[in-house]
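A.B. asks: For reference, this is start-v5.cif, and it has mmCIF, C-alpha atoms.
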```cif
data_data
loop_
_atom_site.group_PDB
_atom_site.id
_atom_site.type_symbol
_atom_site.label_atom_id
_atom_site.label_comp_id
_atom_site.auth_asym_id
_atom_site.auth_seq_id
_atom_site.Cartn_x
_atom_site.Cartn_y
_atom_site.Cartn_z
ATOM 1 C CA MET A 35 -24.131 -42.397 6.750
ATOM 2 C CA LYS A 36 -25.369 -39.875 9.293
ATOM 3 C CA ASP A 37 -24.524 -36.198 8.973
ATOM 4 C CA ILE A 38 -22.747 -36.226 12.331
ATOM 5 C CA GLU A 39 -20.489 -39.044 11.090
ATOM 6 C CA ARG A 40 -19.752 -37.174 7.878
ATOM 7 C CA MET A 41 -18.861 -34.117 9.949
ATOM 8 C CA VAL A 42 -16.426 -36.172 12.021
ATOM 9 C CA VAL A 43 -14.745 -37.336 8.805
ATOM 10 C CA SER A 44 -14.557 -33.723 7.580
ATOM 11 C CA ALA A 45 -12.902 -32.631 10.848
ATOM 12 C CA TYR A 46 -10.570 -35.640 10.715
ATOM 13 C CA GLU A 47 -9.407 -34.636 7.240
ATOM 14 C CA ASP A 48 -8.591 -31.192 8.664
ATOM 15 C CA GLY A 49 -6.522 -32.755 11.436
ATOM 16 C CA GLU A 50 -9.012 -31.517 14.019
ATOM 17 C CA VAL A 51 -9.850 -34.845 15.676
ATOM 18 C CA GLU A 52 -7.619 -35.554 18.630
ATOM 19 C CA PHE A 53 -6.331 -38.819 20.020
ATOM 20 C CA PRO A 54 -7.914 -41.263 20.964
ATOM 21 C CA TRP A 55 -10.848 -40.269 18.712
ATOM 22 C CA SER A 56 -8.574 -40.055 15.673
ATOM 23 C CA ASP A 57 -7.719 -43.752 16.138
ATOM 24 C CA ARG A 58 -11.405 -44.557 16.345
ATOM 25 C CA VAL A 59 -11.998 -42.767 13.046
ATOM 26 C CA LEU A 60 -9.152 -44.728 11.429
ATOM 27 C CA LYS A 61 -10.599 -47.989 12.681
ATOM 28 C CA LYS A 62 -14.034 -47.047 11.309
ATOM 29 C CA MET A 63 -12.428 -46.388 7.948
ATOM 30 C CA GLU A 64 -10.800 -49.807 7.924
ATOM 31 C CA GLU A 65 -14.135 -51.430 8.659
ATOM 32 C CA ASN A 66 -16.487 -49.296 6.641
ATOM 33 C CA PRO A 67 -15.987 -48.372 2.956
ATOM 34 C CA GLU A 68 -18.619 -45.645 3.309
ATOM 35 C CA TRP A 69 -16.296 -43.761 5.666
ATOM 36 C CA VAL A 70 -13.446 -44.142 3.185
ATOM 37 C CA ALA A 71 -15.588 -42.774 0.362
ATOM 38 C CA GLU A 72 -16.594 -39.802 2.515
ATOM 39 C CA ALA A 73 -12.950 -39.053 3.352
ATOM 40 C CA GLN A 74 -12.044 -39.244 -0.339
ATOM 41 C CA SER A 75 -14.823 -36.822 -1.189
ATOM 42 C CA HIS A 76 -13.456 -34.287 1.319
ATOM 43 C CA ARG A 77 -9.938 -34.794 -0.017
ATOM 44 C CA ARG A 78 -11.167 -34.150 -3.562
ATOM 45 C CA ILE A 79 -12.778 -30.877 -2.485
ATOM 46 C CA LYS A 80 -9.642 -29.827 -0.640
ATOM 47 C CA ALA A 81 -7.495 -30.649 -3.663
ATOM 48 C CA ALA A 82 -9.841 -28.768 -5.993
ATOM 49 C CA LEU A 83 -9.698 -25.672 -3.776
ATOM 50 C CA ALA A 84 -5.913 -25.875 -3.508
ATOM 51 C CA SER A 85 -5.484 -26.153 -7.269
ATOM 52 C CA SER A 86 -7.833 -23.275 -8.051
ATOM 53 C CA PRO A 87 -5.681 -20.581 -9.710
ATOM 54 C CA GLU A 88 -4.927 -17.354 -7.878
ATOM 55 C CA PRO A 89 -3.540 -14.146 -9.356
ATOM 56 C CA ASP A 90 -0.019 -13.051 -8.482
ATOM 57 C CA PHE A 91 -0.452 -10.144 -6.090
ATOM 58 C CA SER A 92 3.223 -9.278 -5.557
ATOM 59 C CA GLU A 93 3.131 -6.227 -7.840
ATOM 60 C CA VAL A 94 -0.238 -5.045 -6.529
ATOM 61 C CA ARG A 95 0.994 -5.444 -2.959
ATOM 62 C CA GLN A 96 3.959 -3.158 -3.548
ATOM 63 C CA ARG A 97 1.772 -0.620 -5.324
ATOM 64 C CA VAL A 98 -0.719 -0.527 -2.449
ATOM 65 C CA LYS A 99 2.073 -0.229 0.121
ATOM 66 C CA ALA A 100 3.678 2.668 -1.747
ATOM 67 C CA ARG A 101 0.300 4.398 -2.031
ATOM 68 C CA ILE A 102 -0.391 4.079 1.708
ATOM 69 C CA GLU A 103 3.092 5.179 2.756
ATOM 70 C CA ALA A 104 3.018 8.183 0.434
ATOM 71 C CA HIS A 105 -0.402 9.328 1.553
ATOM 72 C CA LEU A 106 -0.726 8.662 5.265
ATOM 73 C CA PRO A 107 2.261 10.450 6.826
ATOM 74 C CA ARG A 108 1.126 13.637 5.101
ATOM 75 C CA ARG A 109 -2.361 13.210 6.474
ATOM 76 C CA ARG A 110 -0.922 12.672 9.962
ATOM 77 C CA ARG A 111 1.220 15.785 9.807
ATOM 78 C CA LEU A 112 -1.720 17.903 8.730
ATOM 79 C CA THR A 113 -3.704 16.890 11.793
ATOM 80 C CA LEU A 114 -0.933 18.027 14.188
ATOM 81 C CA PRO A 115 -1.093 21.711 15.261
ATOM 82 C CA PRO A 116 2.009 23.910 14.934
ATOM 83 C CA VAL A 117 4.356 24.168 17.944
ATOM 84 C CA TRP A 118 3.420 27.759 18.880
ATOM 85 C CA MET A 119 -0.241 26.773 18.985
ATOM 86 C CA SER A 120 0.504 23.862 21.331
ATOM 87 C CA VAL A 121 2.531 26.124 23.658
ATOM 88 C CA ALA A 122 -0.251 28.732 23.718
ATOM 89 C CA ALA A 123 -2.864 26.070 24.436
ATOM 90 C CA ALA A 124 -0.753 24.658 27.282
ATOM 91 C CA ALA A 125 -0.274 28.147 28.799
ATOM 92 C CA ALA A 126 -4.004 28.853 28.578
ATOM 93 C CA LEU A 127 -4.720 25.529 30.237
ATOM 94 C CA VAL A 128 -2.324 26.339 33.105
ATOM 95 C CA LEU A 129 -3.982 29.765 33.585
ATOM 96 C CA VAL A 130 -7.497 28.336 33.596
ATOM 97 C CA ALA A 131 -6.545 25.480 35.925
ATOM 98 C CA GLY A 132 -4.719 27.867 38.274
ATOM 99 C CA GLY A 133 -7.649 30.289 38.341
ATOM 100 C CA GLY A 134 -10.070 27.465 39.004
ATOM 101 C CA PHE A 135 -7.920 26.189 41.855
ATOM 102 C CA TRP A 136 -7.776 29.661 43.441
ATOM 103 C CA VAL A 137 -11.543 30.162 43.182
ATOM 104 C CA GLY A 138 -12.080 26.684 44.625
ATOM 105 C CA ARG A 139 -9.891 27.457 47.632
ATOM 106 C CA GLN A 140 -11.821 30.713 48.308
ATOM 107 C CA THR A 141 -15.143 28.876 48.267
ATOM 108 C CA VAL A 142 -13.956 26.226 50.684
ATOM 109 C CA ALA A 143 -12.646 28.913 53.101
ATOM 110 C CA THR A 144 -16.132 30.527 53.459
ATOM 111 C CA PRO A 145 -18.108 29.005 56.463
ATOM 112 C CA PRO A 146 -21.293 27.235 55.371
ATOM 113 C CA SER A 147 -23.506 29.396 57.603
ATOM 114 C CA ALA A 148 -26.344 29.678 55.077
ATOM 115 C CA VAL A 149 -26.686 25.937 55.020
ATOM 116 C CA ALA A 150 -26.762 25.718 58.833
ATOM 117 C CA GLU A 151 -29.650 28.219 59.005
ATOM 118 C CA LEU A 152 -31.837 26.077 56.775
ATOM 119 C CA GLN A 153 -31.756 23.094 59.106
ATOM 120 C CA VAL A 154 -35.149 22.360 60.647
ATOM 121 C CA GLN A 155 -35.780 20.845 64.040
ATOM 122 C CA VAL A 156 -39.103 19.135 64.579
ATOM 123 C CA PRO A 157 -40.438 19.406 68.143
ATOM 124 C CA LYS A 158 -41.425 16.003 69.519
ATOM 125 C CA THR A 159 -44.352 17.516 71.403
ATOM 126 C CA LEU A 160 -46.286 18.214 68.215
ATOM 127 C CA GLY A 161 -46.298 14.520 67.330
ATOM 128 C CA LEU A 162 -45.392 15.030 63.704
ATOM 129 C CA LYS A 163 -43.786 12.169 61.869
ATOM 130 C CA LEU A 164 -40.731 12.820 59.696
ATOM 131 C CA SER A 165 -42.413 11.398 56.666
ATOM 132 C CA GLY A 166 -42.651 14.291 54.229
ATOM 133 C CA GLU A 167 -41.368 17.634 53.177
ATOM 134 C CA GLY A 168 -44.712 19.346 53.813
ATOM 135 C CA GLN A 169 -44.765 18.196 57.404
ATOM 136 C CA LEU A 170 -41.252 19.370 57.988
ATOM 137 C CA LEU A 171 -42.078 22.820 56.687
ATOM 138 C CA MET A 172 -45.205 22.914 58.833
ATOM 139 C CA ALA A 173 -43.223 21.952 61.886
ATOM 140 C CA SER A 174 -40.735 24.655 61.140
ATOM 141 C CA THR A 175 -43.532 27.233 60.919
ATOM 142 C CA LEU A 176 -45.067 26.046 64.188
ATOM 143 C CA GLN A 177 -41.742 26.243 65.925
ATOM 144 C CA GLY A 178 -41.247 29.775 64.607
ATOM 145 C CA LYS A 179 -44.677 30.827 65.879
ATOM 146 C CA SER A 180 -44.127 29.333 69.294
ATOM 147 C CA ARG A 181 -41.023 31.467 69.682
ATOM 148 C CA MET B 12 0.435 -21.651 1.058
ATOM 149 C CA VAL B 13 0.292 -20.875 4.734
ATOM 150 C CA GLY B 14 3.959 -19.977 4.931
ATOM 151 C CA GLU B 15 3.612 -17.084 2.498
ATOM 152 C CA GLY B 16 1.502 -15.078 4.877
ATOM 153 C CA GLY B 17 3.584 -15.742 7.975
ATOM 154 C CA PRO B 18 5.489 -13.166 9.996
ATOM 155 C CA PRO B 19 9.161 -12.570 9.136
ATOM 156 C CA GLY B 20 10.627 -13.696 12.467
ATOM 157 C CA ALA B 21 9.904 -17.105 13.967
ATOM 158 C CA ASN B 22 8.763 -15.802 17.362
ATOM 159 C CA LYS B 23 9.048 -12.038 17.138
ATOM 160 C CA PRO B 24 5.795 -10.360 16.081
ATOM 161 C CA PRO B 25 6.148 -7.876 13.201
ATOM 162 C CA GLN B 26 6.735 -4.289 14.314
ATOM 163 C CA GLY B 27 6.032 -1.091 12.419
ATOM 164 C CA PHE B 28 3.821 -0.525 9.408
ATOM 165 C CA SER B 29 6.204 -1.903 6.800
ATOM 166 C CA GLU B 30 6.885 -5.133 8.658
ATOM 167 C CA VAL B 31 3.221 -5.688 9.477
ATOM 168 C CA TYR B 32 2.261 -5.034 5.862
ATOM 169 C CA GLU B 33 4.867 -7.455 4.510
ATOM 170 C CA ALA B 34 3.834 -10.093 7.023
ATOM 171 C CA TRP B 35 0.074 -10.048 6.643
ATOM 172 C CA SER B 36 -0.838 -8.474 3.305
ATOM 173 C CA PRO B 37 -0.357 -11.701 1.257
ATOM 174 C CA LEU B 38 -2.816 -13.425 3.567
ATOM 175 C CA LEU B 39 -5.323 -10.590 3.298
ATOM 176 C CA PHE B 40 -5.062 -10.413 -0.486
ATOM 177 C CA ARG B 41 -5.722 -14.129 -0.719
ATOM 178 C CA ILE B 42 -8.697 -14.058 1.642
ATOM 179 C CA VAL B 43 -10.357 -11.064 -0.023
ATOM 180 C CA TYR B 44 -9.735 -12.394 -3.514
ATOM 181 C CA ARG B 45 -11.323 -15.718 -2.569
ATOM 182 C CA MET B 46 -14.263 -13.899 -0.964
ATOM 183 C CA THR B 47 -14.937 -11.661 -3.965
ATOM 184 C CA GLY B 48 -13.355 -13.434 -6.942
ATOM 185 C CA ARG B 49 -12.128 -10.049 -8.173
ATOM 186 C CA ARG B 50 -8.601 -8.711 -8.229
ATOM 187 C CA GLU B 51 -9.548 -5.007 -8.139
ATOM 188 C CA ALA B 52 -11.810 -5.573 -5.161
ATOM 189 C CA ALA B 53 -8.949 -7.255 -3.319
ATOM 190 C CA GLU B 54 -6.669 -4.302 -4.039
ATOM 191 C CA GLU B 55 -9.209 -1.741 -2.856
ATOM 192 C CA ILE B 56 -10.238 -3.624 0.280
ATOM 193 C CA VAL B 57 -6.753 -4.577 1.445
ATOM 194 C CA GLN B 58 -5.638 -0.982 0.975
ATOM 195 C CA GLU B 59 -8.545 0.233 3.091
ATOM 196 C CA ALA B 60 -7.825 -2.359 5.791
ATOM 197 C CA PHE B 61 -4.207 -1.262 6.078
ATOM 198 C CA ILE B 62 -5.171 2.407 6.154
ATOM 199 C CA LYS B 63 -7.393 1.573 9.119
ATOM 200 C CA TYR B 64 -4.497 -0.287 10.700
ATOM 201 C CA TYR B 65 -2.155 2.667 10.101
ATOM 202 C CA GLU B 66 -4.561 5.106 11.692
ATOM 203 C CA ARG B 67 -5.101 2.974 14.789
ATOM 204 C CA ARG B 68 -1.774 1.207 15.067
ATOM 205 C CA ASP B 69 -0.932 2.833 18.421
ATOM 206 C CA VAL B 70 -3.861 1.214 20.178
ATOM 207 C CA LEU B 71 -3.898 -2.155 18.379
ATOM 208 C CA PRO B 72 -2.321 -5.358 19.697
ATOM 209 C CA THR B 73 1.085 -6.296 18.288
ATOM 210 C CA ASP B 74 0.852 -10.068 18.713
ATOM 211 C CA GLU B 75 -1.452 -12.646 17.062
ATOM 212 C CA GLY B 76 -4.390 -10.412 17.953
ATOM 213 C CA LEU B 77 -3.348 -8.001 15.219
ATOM 214 C CA LYS B 78 -3.626 -10.694 12.567
ATOM 215 C CA TYR B 79 -7.126 -11.554 13.761
ATOM 216 C CA TRP B 80 -8.060 -7.861 13.807
ATOM 217 C CA LEU B 81 -6.829 -7.348 10.247
ATOM 218 C CA ILE B 82 -8.760 -10.367 8.994
ATOM 219 C CA ARG B 83 -11.923 -9.220 10.764
ATOM 220 C CA VAL B 84 -11.604 -5.736 9.264
ATOM 221 C CA ALA B 85 -10.940 -7.131 5.783
ATOM 222 C CA ARG B 86 -13.961 -9.407 6.080
ATOM 223 C CA ASN B 87 -16.249 -6.564 7.181
ATOM 224 C CA LEU B 88 -14.984 -4.324 4.392
ATOM 225 C CA THR B 89 -15.585 -7.143 1.912
ATOM 226 C CA LEU B 90 -19.158 -7.614 3.096
ATOM 227 C CA ASN B 91 -19.828 -3.867 2.832
ATOM 228 C CA HIS B 92 -18.249 -3.808 -0.609
ATOM 229 C CA GLU B 93 -20.405 -6.686 -1.823
ATOM 230 C CA LYS B 94 -23.565 -5.103 -0.413
ATOM 231 C CA ARG B 95 -22.759 -1.815 -2.123
ATOM 232 C CA ARG B 96 -22.092 -3.621 -5.380
ATOM 233 C CA GLY B 97 -25.429 -5.419 -5.121
ATOM 234 C CA ARG B 98 -27.261 -2.144 -4.508
ATOM 235 C CA GLU B 99 -25.588 -0.510 -7.516
ATOM 236 C CA ARG B 100 -26.499 -3.453 -9.733
ATOM 237 C CA ARG B 101 -30.131 -3.355 -8.614
ATOM 238 C CA ALA B 102 -30.260 0.406 -9.179
ATOM 239 C CA LEU B 103 -28.953 -0.018 -12.727
ATOM 240 C CA GLU B 104 -31.505 -2.738 -13.362
ATOM 241 C CA ARG B 105 -34.270 -0.382 -12.228
ATOM 242 C CA VAL B 106 -32.979 2.442 -14.407
ATOM 243 C CA PHE B 107 -32.841 0.340 -17.528
ATOM 244 C CA HIS B 108 -35.836 -1.876 -16.607
ATOM 245 C CA GLU B 109 -33.730 -4.879 -17.439
ATOM 246 C CA PRO B 110 -33.523 -7.527 -14.747
ATOM 247 C CA ALA B 111 -30.431 -9.735 -14.802
ATOM 248 C CA PRO B 112 -31.044 -12.582 -17.272
ATOM 249 C CA LYS B 113 -31.776 -15.941 -15.666
ATOM 250 C CA ALA B 114 -29.326 -18.553 -16.797
ATOM 251 C CA GLU B 115 -30.665 -21.738 -18.258
ATOM 252 C CA LYS B 116 -27.488 -23.679 -17.615
ATOM 253 C CA GLY B 117 -26.062 -25.033 -14.361
ATOM 254 C CA ALA B 118 -25.483 -23.020 -11.215
ATOM 255 C CA LEU B 119 -21.851 -22.327 -12.060
ATOM 256 C CA GLU B 120 -22.816 -20.818 -15.380
ATOM 257 C CA LYS B 121 -24.995 -18.224 -13.649
ATOM 258 C CA LEU B 122 -21.896 -16.411 -12.495
ATOM 259 C CA THR B 123 -20.635 -14.063 -15.131
ATOM 260 C CA ASP B 124 -17.785 -11.715 -14.511
ATOM 261 C CA SER B 125 -15.379 -9.708 -16.583
ATOM 262 C CA GLU B 126 -12.548 -11.538 -14.917
ATOM 263 C CA ALA B 127 -11.915 -15.097 -15.892
ATOM 264 C CA VAL B 128 -12.240 -17.199 -12.757
ATOM 265 C CA GLY B 129 -12.060 -20.944 -12.506
ATOM 266 C CA ASP B 130 -15.026 -23.208 -11.818
ATOM 267 C CA VAL B 131 -13.925 -23.829 -8.242
ATOM 268 C CA GLN B 132 -13.724 -20.123 -7.513
ATOM 269 C CA LYS B 133 -17.130 -19.616 -9.134
ATOM 270 C CA ALA B 134 -18.595 -22.378 -6.992
ATOM 271 C CA LEU B 135 -17.019 -20.816 -3.912
ATOM 272 C CA LEU B 136 -18.781 -17.541 -4.700
ATOM 273 C CA LEU B 137 -22.110 -19.352 -4.813
ATOM 274 C CA LEU B 138 -21.809 -20.416 -1.191
ATOM 275 C CA PRO B 139 -23.572 -18.316 1.451
ATOM 276 C CA GLU B 140 -21.183 -15.853 3.080
ATOM 277 C CA ASN B 141 -21.125 -17.544 6.495
ATOM 278 C CA LEU B 142 -20.049 -20.864 4.959
ATOM 279 C CA ARG B 143 -17.726 -19.306 2.384
ATOM 280 C CA THR B 144 -15.690 -17.287 4.908
ATOM 281 C CA VAL B 145 -15.075 -20.242 7.185
ATOM 282 C CA LEU B 146 -14.077 -22.533 4.319
ATOM 283 C CA ILE B 147 -11.709 -19.925 2.858
ATOM 284 C CA LEU B 148 -10.059 -19.370 6.224
ATOM 285 C CA LYS B 149 -9.635 -23.109 6.626
ATOM 286 C CA GLU B 150 -8.476 -24.001 3.122
ATOM 287 C CA TYR B 151 -6.492 -20.949 2.081
ATOM 288 C CA THR B 152 -4.887 -19.842 5.326
ATOM 289 C CA GLY B 153 -4.588 -23.102 7.237
ATOM 290 C CA PHE B 154 -5.953 -21.678 10.482
ATOM 291 C CA ALA B 155 -7.172 -24.149 13.075
ATOM 292 C CA TYR B 156 -10.876 -24.301 13.922
ATOM 293 C CA ALA B 157 -10.186 -22.623 17.280
ATOM 294 C CA GLU B 158 -8.402 -19.696 15.612
ATOM 295 C CA ILE B 159 -11.176 -19.237 13.054
ATOM 296 C CA GLY B 160 -13.686 -19.264 15.896
ATOM 297 C CA LYS B 161 -11.753 -16.504 17.663
ATOM 298 C CA MET B 162 -11.595 -14.408 14.493
ATOM 299 C CA LEU B 163 -15.288 -14.668 13.730
ATOM 300 C CA ASN B 164 -16.544 -14.729 17.319
ATOM 301 C CA ILE B 165 -18.130 -18.147 16.956
ATOM 302 C CA THR B 166 -17.484 -21.417 18.766
ATOM 303 C CA GLU B 167 -15.079 -24.069 17.556
ATOM 304 C CA GLY B 168 -18.022 -26.459 17.177
ATOM 305 C CA ASN B 169 -19.767 -23.950 14.952
ATOM 306 C CA VAL B 170 -16.671 -23.690 12.768
ATOM 307 C CA LYS B 171 -16.633 -27.469 12.421
ATOM 308 C CA VAL B 172 -20.283 -27.528 11.335
ATOM 309 C CA ARG B 173 -19.829 -24.679 8.856
ATOM 310 C CA VAL B 174 -16.727 -26.209 7.255
ATOM 311 C CA PHE B 175 -18.565 -29.494 6.816
ATOM 312 C CA ARG B 176 -21.659 -27.824 5.338
ATOM 313 C CA ALA B 177 -19.557 -25.659 3.041
ATOM 314 C CA ARG B 178 -17.711 -28.699 1.692
ATOM 315 C CA ALA B 179 -20.929 -30.645 1.230
ATOM 316 C CA ARG B 180 -22.516 -27.718 -0.661
ATOM 317 C CA LEU B 181 -19.402 -27.220 -2.741
ATOM 318 C CA ALA B 182 -19.312 -30.927 -3.617
ATOM 319 C CA GLN B 183 -22.867 -30.636 -4.954
ATOM 320 C CA LEU B 184 -21.979 -27.573 -7.025
ATOM 321 C CA LEU B 185 -18.863 -29.166 -8.444
ATOM 322 C CA LYS B 186 -20.406 -32.559 -9.106
ATOM 323 C CA GLU B 187 -20.232 -32.059 -12.855
ATOM 324 C CA VAL B 188 -16.689 -30.722 -12.780
ATOM 325 C CA LEU B 189 -14.937 -33.050 -10.337
#
```
So, in terms of structure tokens, how does the structure I just supplied come out?
C.D. replies:
Amino acid sequence: MKDIERMVVSAYEDGEVEFPWSDRVLKKMEENPEWVAEAQSHRRIKAALASSPEPDFSEVRQRVKARIEAHLPRRRRLTLPPVWMSVAAAAALVLVAGGGFWVGRQTVATPPSAVAELQVQVPKTLGLKLSGEGQLLMASTLQGKSR
Amino acid sequence: MVGEGGPPGANKPPQGFSEVYEAWSPLLFRIVYRMTGRREAAEEIVQEAFIKYYERRDVLPTDEGLKYWLIRVARNLTLNHEKRRGRERRALERVFHEPAPKAEKGALEKLTDSEAVGDVQKALLLLPENLRTVLILKEYTGFAYAEIGKMLNITEGNVKVRVFRARARLAQLLKEVL
């Protein structure tokens, strides 16, 4: 029996083979005893796993729950700042934000004259291409001299 | 077996720490116990998983996604726990210059533990982790292949292959017993 066929039987035993393929598997089992033996082997493993004893965790579960509930709320409270500290922090934030807004408004109101003075015009008559910073500076110098 | 770990309401997802704990802790205890074969490890790991849940519960999903998240966290914590345990054992072996004795008997006999575990559980622990996890999720929680795939970030086809390989390996290990 090929591994792929054995895998199909394994999936069939888990109820993971859908119709119409499940019918095909059933038919194969009727015709081929090897398929039946494979299915029985999987069933044996499943039964062995199901019958394997497991400790009773009900007491441990309650103990763990009580431990978590007793510990965590305290930890959460400790991380929260007192009310007066929150109010002070909020007031400081309002002051800083307000100051920043005021400074920002003052800056925007100032005309950007300094920026306008730095603009460079390249005279076409000099035949310089706008390909580099050095050339632009040179053009600026030439223009200054010509004036 | 599956019903024990189900949520309290039929359609309503569990809300709040207590309800979530009651709904999913039996499932987590079972999974971790099957992964480690040790009761104390299950207690420690499940506790840690729920502490993580408690700390992040405001940002976690409240539907089925939460169950998958809890299982993923428990699995990662289990792997870390087992790695740490292995390191400690190796360190002790180095200190005392006594390597772990090689068993002369069958593979199942190699596993020695203070806790009495059955042959099937011992055989389960001999499986590689990637096969063991998938088989445990299939056999002890009843999840469908698609759900297991979602939990472990693998394809449904991969789950199918791993379940088959795990069963085949387990059958070999249990040949004498079954």
A.B. asks: Evaluate the PyMOL selection byres ((chain A) within 12 of (chain B)) against this structure - the residues, as an NGL selection string, please.
C.D. replies: :A and (37-51 or 72-107 or 109-110 or 113)
A.B. asks: Any idea what the distance is between CA of Lys36 in chain A and CA of Lys133 in chain B?
C.D. replies: 28.6 Å
A.B. asks: Kindly give the distance, in Å, that separates CA of Thr166 in chain B and CA of Leu77 in chain B, rounded to a single decimal.
C.D. replies: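 CA of Thr166 in chain B sits 19.8 Å away from CA of Leu77 in chain B.
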A.B. asks: Enumerate, as a PyMOL selection string, the residues matched when the PyMOL selection byres ((chain B and resi 161) around 12) is run on the file above.
C.D. replies: chain B and resi 75-76+78-80+82-83+145+148+154-160+162-170
A.B. asks: Kindly save the residues from that selection, with C-alpha atoms included, as a compact mmCIF listing (two decimals), keeping the file's coordinate frame.
C.D. replies:
```
# COMPACT_ATOMS: atom_id res chain seq x y z
CA GLU B 75 -1.45 -12.65 17.06
CA GLY B 76 -4.39 -10.41 17.95
CA LYS B 78 -3.63 -10.69 12.57
CA TYR B 79 -7.13 -11.55 13.76
CA TRP B 80 -8.06 -7.86 13.81
CA ILE B 82 -8.76 -10.37 8.99
CA ARG B 83 -11.92 -9.22 10.76
CA VAL B 145 -15.08 -20.24 7.18
CA LEU B 148 -10.06 -19.37 6.22
CA PHE B 154 -5.95 -21.68 10.48
CA ALA B 155 -7.17 -24.15 13.08
CA TYR B 156 -10.88 -24.30 13.92
CA ALA B 157 -10.19 -22.62 17.28
CA GLU B 158 -8.40 -19.70 15.61
CA ILE B 159 -11.18 -19.24 13.05
CA GLY B 160 -13.69 -19.26 15.90
CA MET B 162 -11.60 -14.41 14.49
CA LEU B 163 -15.29 -14.67 13.73
CA ASN B 164 -16.54 -14.73 17.32
CA ILE B 165 -18.13 -18.15 16.96
CA THR B 166 -17.48 -21.42 18.77
CA GLU B 167 -15.08 -24.07 17.56
CA GLY B 168 -18.02 -26.46 17.18
CA ASN B 169 -19.77 -23.95 14.95
CA VAL B 170 -16.67 -23.69 12.77
```
A.B. asks: Taking all listed atoms of range 147-150 of chain B, build the axis-aligned box, pad each of the six sides by 5 Å, then write its centre and edge lengths in Å to one decimal as JSON.
C.D. replies:
```
{"center_x": -10.1, "center_y": -21.7, "center_z": 4.7, "size_x": 13.2, "size_y": 14.6, "size_z": 13.8}
```
A.B. asks: Which is closest to Asn66 in chain A among A:Glu52, A:Ala124, A:Met35, A:Arg139, if we use all atoms listed in the file?
C.D. replies: A:Met35
A.B. asks: Could you jot down the CA of Leu81 in chain B to CA of Arg98 in chain B separation for me, Å, one decimal place?
C.D. replies: 25.7 Å
A.B. asks: Please output range 81-94 of chain B, rebuilt to include N, CA and C atoms, as a tab-separated table (two decimals), in the coordinates of the input.
C.D. replies:
```
chain	number	residue	atom	x	y	z
B	81	LEU	N	-6.93	-7.67	11.68
B	81	LEU	CA	-6.83	-7.35	10.25
B	81	LEU	C	-7.79	-8.21	9.42
B	82	ILE	N	-7.86	-9.48	9.75
B	82	ILE	CA	-8.76	-10.37	8.99
B	82	ILE	C	-10.22	-9.98	9.22
B	83	ARG	N	-10.55	-9.65	10.46
B	83	ARG	CA	-11.92	-9.22	10.76
B	83	ARG	C	-12.28	-7.96	9.98
B	84	VAL	N	-11.36	-6.99	9.98
B	84	VAL	CA	-11.60	-5.74	9.26
B	84	VAL	C	-11.76	-6.01	7.77
B	85	ALA	N	-10.87	-6.82	7.22
B	85	ALA	CA	-10.94	-7.13	5.78
B	85	ALA	C	-12.26	-7.82	5.45
B	86	ARG	N	-12.70	-8.70	6.33
B	86	ARG	CA	-13.96	-9.41	6.08
B	86	ARG	C	-15.15	-8.43	6.10
B	87	ASN	N	-15.16	-7.53	7.11
B	87	ASN	CA	-16.25	-6.56	7.18
B	87	ASN	C	-16.26	-5.64	5.97
B	88	LEU	N	-15.07	-5.20	5.56
B	88	LEU	CA	-14.98	-4.32	4.39
B	88	LEU	C	-15.47	-5.06	3.14
B	89	THR	N	-15.15	-6.35	3.06
B	89	THR	CA	-15.58	-7.14	1.91
B	89	THR	C	-17.11	-7.24	1.88
B	90	LEU	N	-17.70	-7.50	3.04
B	90	LEU	CA	-19.16	-7.61	3.10
B	90	LEU	C	-19.82	-6.30	2.69
B	91	ASN	N	-19.28	-5.18	3.20
B	91	ASN	CA	-19.83	-3.87	2.83
B	91	ASN	C	-19.68	-3.62	1.33
B	92	HIS	N	-18.53	-3.99	0.82
B	92	HIS	CA	-18.25	-3.81	-0.61
B	92	HIS	C	-19.24	-4.60	-1.46
B	93	GLU	N	-19.50	-5.83	-1.06
B	93	GLU	CA	-20.40	-6.69	-1.82
B	93	GLU	C	-21.85	-6.16	-1.75
B	94	LYS	N	-22.22	-5.66	-0.57
B	94	LYS	CA	-23.56	-5.10	-0.41
B	94	LYS	C	-23.73	-3.89	-1.33
```
